[in-house]
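Below you'll find the structure, written out as structure tokens, and then a few comments.
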Protein chains: 2
Amino acid sequence: MKLHDLDLSGNCYKARLFCALIGVDLEIVPVDFLGGAHKRPDFLTLNPFGEIPVLEDGDLVLRDSQAILVYLARKHDRDDWLPADAEGLARVTQWLSTAANDVARGPNDARLREKFGYDLDAERARAKAAGVLAILNDRLEARAWLELGRPTLADVACYPYVALAEEGGVSLTPYPAVLRWMDRIRALPGYVGMPGQRAGA
Amino acid sequence: MKLHDLDLSGNCYKARLFCALIGVDLEIVPVDFLGGAHKRPDFLTLNPFGEIPVLEDGDLVLRDSQAILVYLARKHDRDDWLPADAEGLARVTQWLSTAANDVARGPNDARLREKFGYDLDAERARAKAAGVLAILNDRLEARAWLELGRPTLADVACYPYVALAEEGGVSLTPYPAVLRWMDRIRALPGYVGMPGQRAGA
């Protein structure tokens with residue numbers, strides 16, 4: 001499997017992290033993101049959205065970090081990370097949407113503005129980040145993991161841009177339960193980090 | 001099953017539409033959205049994000065329209081709409097993320113601004129809408145459905161806010177393949193509509 005990747009992308013990191021946690025090898029294909037390679041015709045053939053990561057597995061080409069996580073879990077029969085039953089799958093899927101929406105609009109957009117100069121409203125993104133972090137903190141005060149009492153794709157999908165929030169000017173200090181959850185994720189066997197992450201509680 | 005619902009919400013409509021398509025009954029619980037009921041403590045206990053829809057099935061409480069679609073498909077063994085295998089599930093999941101992200105930021109945000117007065121940047125939302133509609137149109141020029149050669153949750157998740165785009169000031173006329181796809185969805189057995197939808201090609 002080939003991952004079209006950028007080391008500084010939290011979305012790409014989701015796939016790298018999950019493969020490390022389940023002991024699956026990935027061939028990393030670096031994309032010259034800062035040089036605009038993801039907007040060129042050859043890359044747009046892989047992903048018309050012009051976004052990384054993209055996973056290639058034989059003839060299959062998948063875009064979207066959440067879909068890639070789902071594929072990796074199912075291909076490797078890791079129902080512990082992504083249940084097959086209706087309730088378990090739906091519980092985890094709630095957080096895949098949170099990663100694709102609230103986390104993307106919050107800490108991810110704030111970081112895109114501050115670190116990469118994207119034309120985004122930093123204050124709006126930080127307000128959105130504060131909203132989702134408060135919800136995560138409330139939830140994680142009462143439980144160790146987002147769903148099912150164990151680490152799942154819910155945690156893997158939401159963690160990267162939370163851990164990178166401070167690069168977008170969003171302090172994590174007001175969210176101690178989130179910091180403790182981050183420490184639990186970092187203590188998982190096989191865990192790998194990425195540049196720019198907050199060190200934890 | 002109870003759906004906490006607003007008739008004017010495209011996210012709630014996703015669940016109503018899918019239940020109609022697969023012949024499943026839903027008890028509709030109207031939420032006084034314009035009166036702010038979704039931000040009051042009793043509703044926030046159901047969904048701390050303060051968003052509709054919420055599905056209750058016995059003790060299970062699910063938020064997020066994509067997760068609700070996944071639950072309904074799996075509970076009713078409709079692998080035709082949501083495959084269980086790695087590739088099929090991941091292919092559909094790509095579009096659940098598109099619904100939660102690009103479609104939400106594009107035609108949905110434009111409509112929230114124009115129809116409900118939300119504090120959102122209408123021009124930015126319309127530009128985002130144009131981007132995702134162009135990608136959908138390119139894709140649907142070559143195929144009848146978004147994935148797998150048949151109607152799936154990918155179509156159900158992306159259709160509602162596309163069909164409502166003109167309420168946000170986004171014309172669908174430049175996207176003839178999208179209009180033909182909308183006509184195919186409307187021709188599915190069991191289909192139900194909602195107020196404000198563009199009538200089709």
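How things are named: the first chain in the structure tokens is A, the next is B, and so on; residues count from 1 in each chain; ligands count from 1 in the order shown.
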
Pull the closest atom pair for each residue of chain A that gets at most 10 Å from chain B, along with the distance in Å to one decimal, counting only C-alpha atoms, ordering rows by chain and then ascending residue number, as CSV.
residue,atom,partner,partner_atom,distance
A:Asn47,CA,B:Ile135,CA,10.0
A:Pro48,CA,B:Ile135,CA,6.6
A:Phe49,CA,B:Ile135,CA,7.3
A:Asp57,CA,B:Glu87,CA,9.9
A:Leu60,CA,B:Glu87,CA,7.8
A:Val61,CA,B:Arg91,CA,9.1
A:Leu62,CA,B:Arg91,CA,7.1
A:Arg63,CA,B:Gln94,CA,6.6
A:Asp64,CA,B:Gln94,CA,5.8
A:Ser65,CA,B:Gln94,CA,8.4
A:Gln66,CA,B:Ser97,CA,7.1
A:Ala67,CA,B:Ala90,CA,4.9
A:Ile68,CA,B:Ala90,CA,6.7
A:Leu69,CA,B:Ala90,CA,8.3
A:Val70,CA,B:Ala90,CA,5.8
A:Tyr71,CA,B:Ala86,CA,5.0
A:Leu72,CA,B:Ala86,CA,7.6
A:Ala73,CA,B:Ala86,CA,7.9
A:Arg74,CA,B:Ala86,CA,4.9
A:Lys75,CA,B:Ala86,CA,5.2
A:His76,CA,B:Ala86,CA,8.8
A:Asp77,CA,B:Ala86,CA,9.0
A:Ala84,CA,B:Ala84,CA,7.7
A:Asp85,CA,B:Arg74,CA,7.0
A:Ala86,CA,B:Arg74,CA,4.9
A:Glu87,CA,B:Tyr71,CA,6.3
A:Gly88,CA,B:Tyr71,CA,8.7
A:Leu89,CA,B:Tyr71,CA,7.2
A:Ala90,CA,B:Ala67,CA,4.9
A:Arg91,CA,B:Ala67,CA,7.1
A:Val92,CA,B:Ala67,CA,8.0
A:Thr93,CA,B:Ala67,CA,5.1
A:Gln94,CA,B:Ala67,CA,5.1
A:Trp95,CA,B:Ala67,CA,8.6
A:Leu96,CA,B:Ser97,CA,7.8
A:Ser97,CA,B:Ala100,CA,5.8
A:Thr98,CA,B:Ala100,CA,8.1
A:Ala99,CA,B:Ser97,CA,8.9
A:Ala100,CA,B:Asn101,CA,5.6
A:Asn101,CA,B:Asn101,CA,5.0
A:Asp102,CA,B:Asn101,CA,8.6
A:Ala104,CA,B:Asn101,CA,8.0
A:Arg105,CA,B:Asn101,CA,8.5
A:Leu120,CA,B:Arg124,CA,9.7
A:Asp121,CA,B:Asp121,CA,9.9
A:Arg124,CA,B:Leu120,CA,9.7
A:Gly131,CA,B:Phe49,CA,8.5
A:Val132,CA,B:Phe49,CA,8.0
A:Ala134,CA,B:Pro48,CA,9.8
A:Ile135,CA,B:Pro48,CA,6.6
A:Leu136,CA,B:Pro48,CA,9.6
A:Asp138,CA,B:Pro48,CA,9.3
A:Arg139,CA,B:Pro48,CA,9.2

Restricting it to C-alpha atoms, dump the selection as a PDB file, in the first residue's frame.
ATOM      1  CA  ASN A  47      -8.080  12.835  -5.991  1.00  0.00           C
ATOM      2  CA  PRO A  48     -10.155  15.541  -7.687  1.00  0.00           C
ATOM      3  CA  PHE A  49     -10.482  17.302  -4.315  1.00  0.00           C
ATOM      4  CA  ASP A  57      -3.713  -0.471  -2.765  1.00  0.00           C
ATOM      5  CA  LEU A  60      -7.917   0.879  -5.468  1.00  0.00           C
ATOM      6  CA  VAL A  61      -7.418   4.617  -4.965  1.00  0.00           C
ATOM      7  CA  LEU A  62      -8.943   6.108  -1.804  1.00  0.00           C
ATOM      8  CA  ARG A  63      -9.105   9.737  -0.734  1.00  0.00           C
ATOM      9  CA  ASP A  64     -10.190  11.129   2.656  1.00  0.00           C
ATOM     10  CA  SER A  65      -8.384  10.247   5.852  1.00  0.00           C
ATOM     11  CA  GLN A  66     -11.503   8.822   7.532  1.00  0.00           C
ATOM     12  CA  ALA A  67     -12.240   6.500   4.607  1.00  0.00           C
ATOM     13  CA  ILE A  68      -8.611   5.379   4.607  1.00  0.00           C
ATOM     14  CA  LEU A  69      -8.815   4.525   8.325  1.00  0.00           C
ATOM     15  CA  VAL A  70     -12.007   2.541   7.712  1.00  0.00           C
ATOM     16  CA  TYR A  71     -10.365   0.658   4.846  1.00  0.00           C
ATOM     17  CA  LEU A  72      -7.251  -0.191   6.855  1.00  0.00           C
ATOM     18  CA  ALA A  73      -9.273  -1.448   9.834  1.00  0.00           C
ATOM     19  CA  ARG A  74     -11.594  -3.599   7.743  1.00  0.00           C
ATOM     20  CA  LYS A  75      -8.874  -4.956   5.433  1.00  0.00           C
ATOM     21  CA  HIS A  76      -6.874  -6.113   8.440  1.00  0.00           C
ATOM     22  CA  ASP A  77      -9.923  -7.482  10.308  1.00  0.00           C
ATOM     23  CA  ALA A  84     -18.874  -4.432  12.381  1.00  0.00           C
ATOM     24  CA  ASP A  85     -22.167  -4.364  14.343  1.00  0.00           C
ATOM     25  CA  ALA A  86     -24.673  -1.557  13.796  1.00  0.00           C
ATOM     26  CA  GLU A  87     -24.318   0.154  17.175  1.00  0.00           C
ATOM     27  CA  GLY A  88     -20.537  -0.077  17.429  1.00  0.00           C
ATOM     28  CA  LEU A  89     -19.945   1.034  13.848  1.00  0.00           C
ATOM     29  CA  ALA A  90     -22.348   3.952  14.224  1.00  0.00           C
ATOM     30  CA  ARG A  91     -20.848   5.052  17.555  1.00  0.00           C
ATOM     31  CA  VAL A  92     -17.404   5.261  15.976  1.00  0.00           C
ATOM     32  CA  THR A  93     -18.777   6.884  12.805  1.00  0.00           C
ATOM     33  CA  GLN A  94     -20.126   9.793  14.882  1.00  0.00           C
ATOM     34  CA  TRP A  95     -16.525  10.751  15.639  1.00  0.00           C
ATOM     35  CA  LEU A  96     -15.357  10.228  12.068  1.00  0.00           C
ATOM     36  CA  SER A  97     -17.867  12.953  11.151  1.00  0.00           C
ATOM     37  CA  THR A  98     -16.644  15.097  14.038  1.00  0.00           C
ATOM     38  CA  ALA A  99     -13.111  14.724  12.670  1.00  0.00           C
ATOM     39  CA  ALA A 100     -14.272  15.602   9.129  1.00  0.00           C
ATOM     40  CA  ASN A 101     -16.361  18.564  10.268  1.00  0.00           C
ATOM     41  CA  ASP A 102     -15.845  20.148  13.705  1.00  0.00           C
ATOM     42  CA  ALA A 104     -11.439  20.223  10.555  1.00  0.00           C
ATOM     43  CA  ARG A 105     -13.192  23.579  10.911  1.00  0.00           C
ATOM     44  CA  LEU A 120      -9.201  31.433   6.604  1.00  0.00           C
ATOM     45  CA  ASP A 121     -10.765  33.326   9.503  1.00  0.00           C
ATOM     46  CA  ARG A 124     -13.739  31.843  13.793  1.00  0.00           C
ATOM     47  CA  GLY A 131     -16.388  24.523  21.198  1.00  0.00           C
ATOM     48  CA  VAL A 132     -15.287  21.062  20.134  1.00  0.00           C
ATOM     49  CA  ALA A 134     -14.963  21.717  25.525  1.00  0.00           C
ATOM     50  CA  ILE A 135     -17.233  18.891  24.324  1.00  0.00           C
ATOM     51  CA  LEU A 136     -14.301  16.464  24.101  1.00  0.00           C
ATOM     52  CA  ASP A 138     -16.528  16.963  29.130  1.00  0.00           C
ATOM     53  CA  ARG A 139     -16.789  13.564  27.516  1.00  0.00           C
TER      54      ARG A 139
END

May I ask for the distance between atom CA of Leu146 of chain A and atom CA of Val162 of chain A, given in Å to one decimal place? 13.4 Å

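Using only C-alpha atoms for every distance, the candidate list B:Trp81, B:Phe18, B:Trp181, B:Tyr118 yields B:Tyr118 as the residue closest to Leu34 of chain B.
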
Helix (DSSP H, G or I) positions in segment 138-170 of chain B, given as a ChimeraX atom specification: /B:138-141,153-163,165-168

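Straight-line separation from atom CA of Ala122 of chain A to atom CA of Val170 of chain A: 10.1 Å.
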
Name all residues at most 9 Å from Val29 of chain B (count only C-alpha atoms; drop same-chain ones fewer than 5 positions away) and give them as an mmCIF file with C-alpha atoms, in the first residue's frame.
data_model
loop_
_atom_site.group_PDB
_atom_site.id
_atom_site.type_symbol
_atom_site.label_atom_id
_atom_site.label_comp_id
_atom_site.auth_asym_id
_atom_site.auth_seq_id
_atom_site.Cartn_x
_atom_site.Cartn_y
_atom_site.Cartn_z
ATOM 1 C CA LYS B 2 -37.404 8.120 17.381
ATOM 2 C CA LEU B 3 -35.884 10.825 15.197
ATOM 3 C CA HIS B 4 -35.493 14.230 16.797
ATOM 4 C CA ASP B 5 -36.260 16.172 13.682
ATOM 5 C CA LEU B 6 -36.808 19.472 11.931
#

May I have the residues within 8 Å of Pro107 of chain A as a compact mmCIF listing (two decimals) with N, CA and C atoms, in the first residue's frame, using only C-alpha atoms and disregarding those fewer than 3 positions away in the same chain?
# COMPACT_ATOMS: atom_id res chain seq x y z
N VAL A 103 -13.62 19.18 13.94
CA VAL A 103 -12.17 19.26 14.16
C VAL A 103 -11.50 19.91 12.95
N ALA A 104 -12.01 19.61 11.76
CA ALA A 104 -11.44 20.22 10.55
C ALA A 104 -11.68 21.73 10.53
N ALA A 110 -7.50 26.58 12.07
CA ALA A 110 -6.67 27.56 12.78
C ALA A 110 -5.20 27.34 12.45
N ARG A 111 -4.79 26.09 12.39
CA ARG A 111 -3.39 25.76 12.07
C ARG A 111 -3.08 26.05 10.60
N ALA A 125 -12.12 30.06 13.47
CA ALA A 125 -11.60 28.71 13.64
C ALA A 125 -11.27 28.43 15.10
N ARG A 126 -10.69 29.42 15.79
CA ARG A 126 -10.35 29.21 17.20
C ARG A 126 -11.61 29.09 18.07
N LYS A 128 -14.46 27.85 17.00
CA LYS A 128 -14.95 26.49 16.70
C LYS A 128 -14.11 25.45 17.45
N ALA A 129 -12.81 25.67 17.50
CA ALA A 129 -11.92 24.75 18.22
C ALA A 129 -12.29 24.71 19.71
N TYR A 161 -5.38 16.52 14.99
CA TYR A 161 -5.49 17.99 14.97
C TYR A 161 -5.76 18.57 16.35
N VAL A 162 -6.21 17.76 17.29
CA VAL A 162 -6.26 18.23 18.68
C VAL A 162 -4.83 18.38 19.20
N LEU A 164 -2.27 19.00 17.57
CA LEU A 164 -1.59 20.07 16.84
C LEU A 164 -2.22 21.44 17.07
N ALA A 165 -3.22 21.51 17.97
CA ALA A 165 -4.03 22.74 18.10
C ALA A 165 -3.18 23.95 18.43
N GLY A 168 -2.04 26.33 15.94
CA GLY A 168 -3.04 27.26 15.42
C GLY A 168 -3.42 28.33 16.44
N VAL A 170 -4.34 27.76 19.59
CA VAL A 170 -5.39 27.26 20.49
C VAL A 170 -4.70 26.56 21.66

Option closest in space to Leu188 of chain A, from A:Pro53, A:Gly36, A:Pro176, A:Pro151 [counting only C-alpha atoms]: A:Pro151
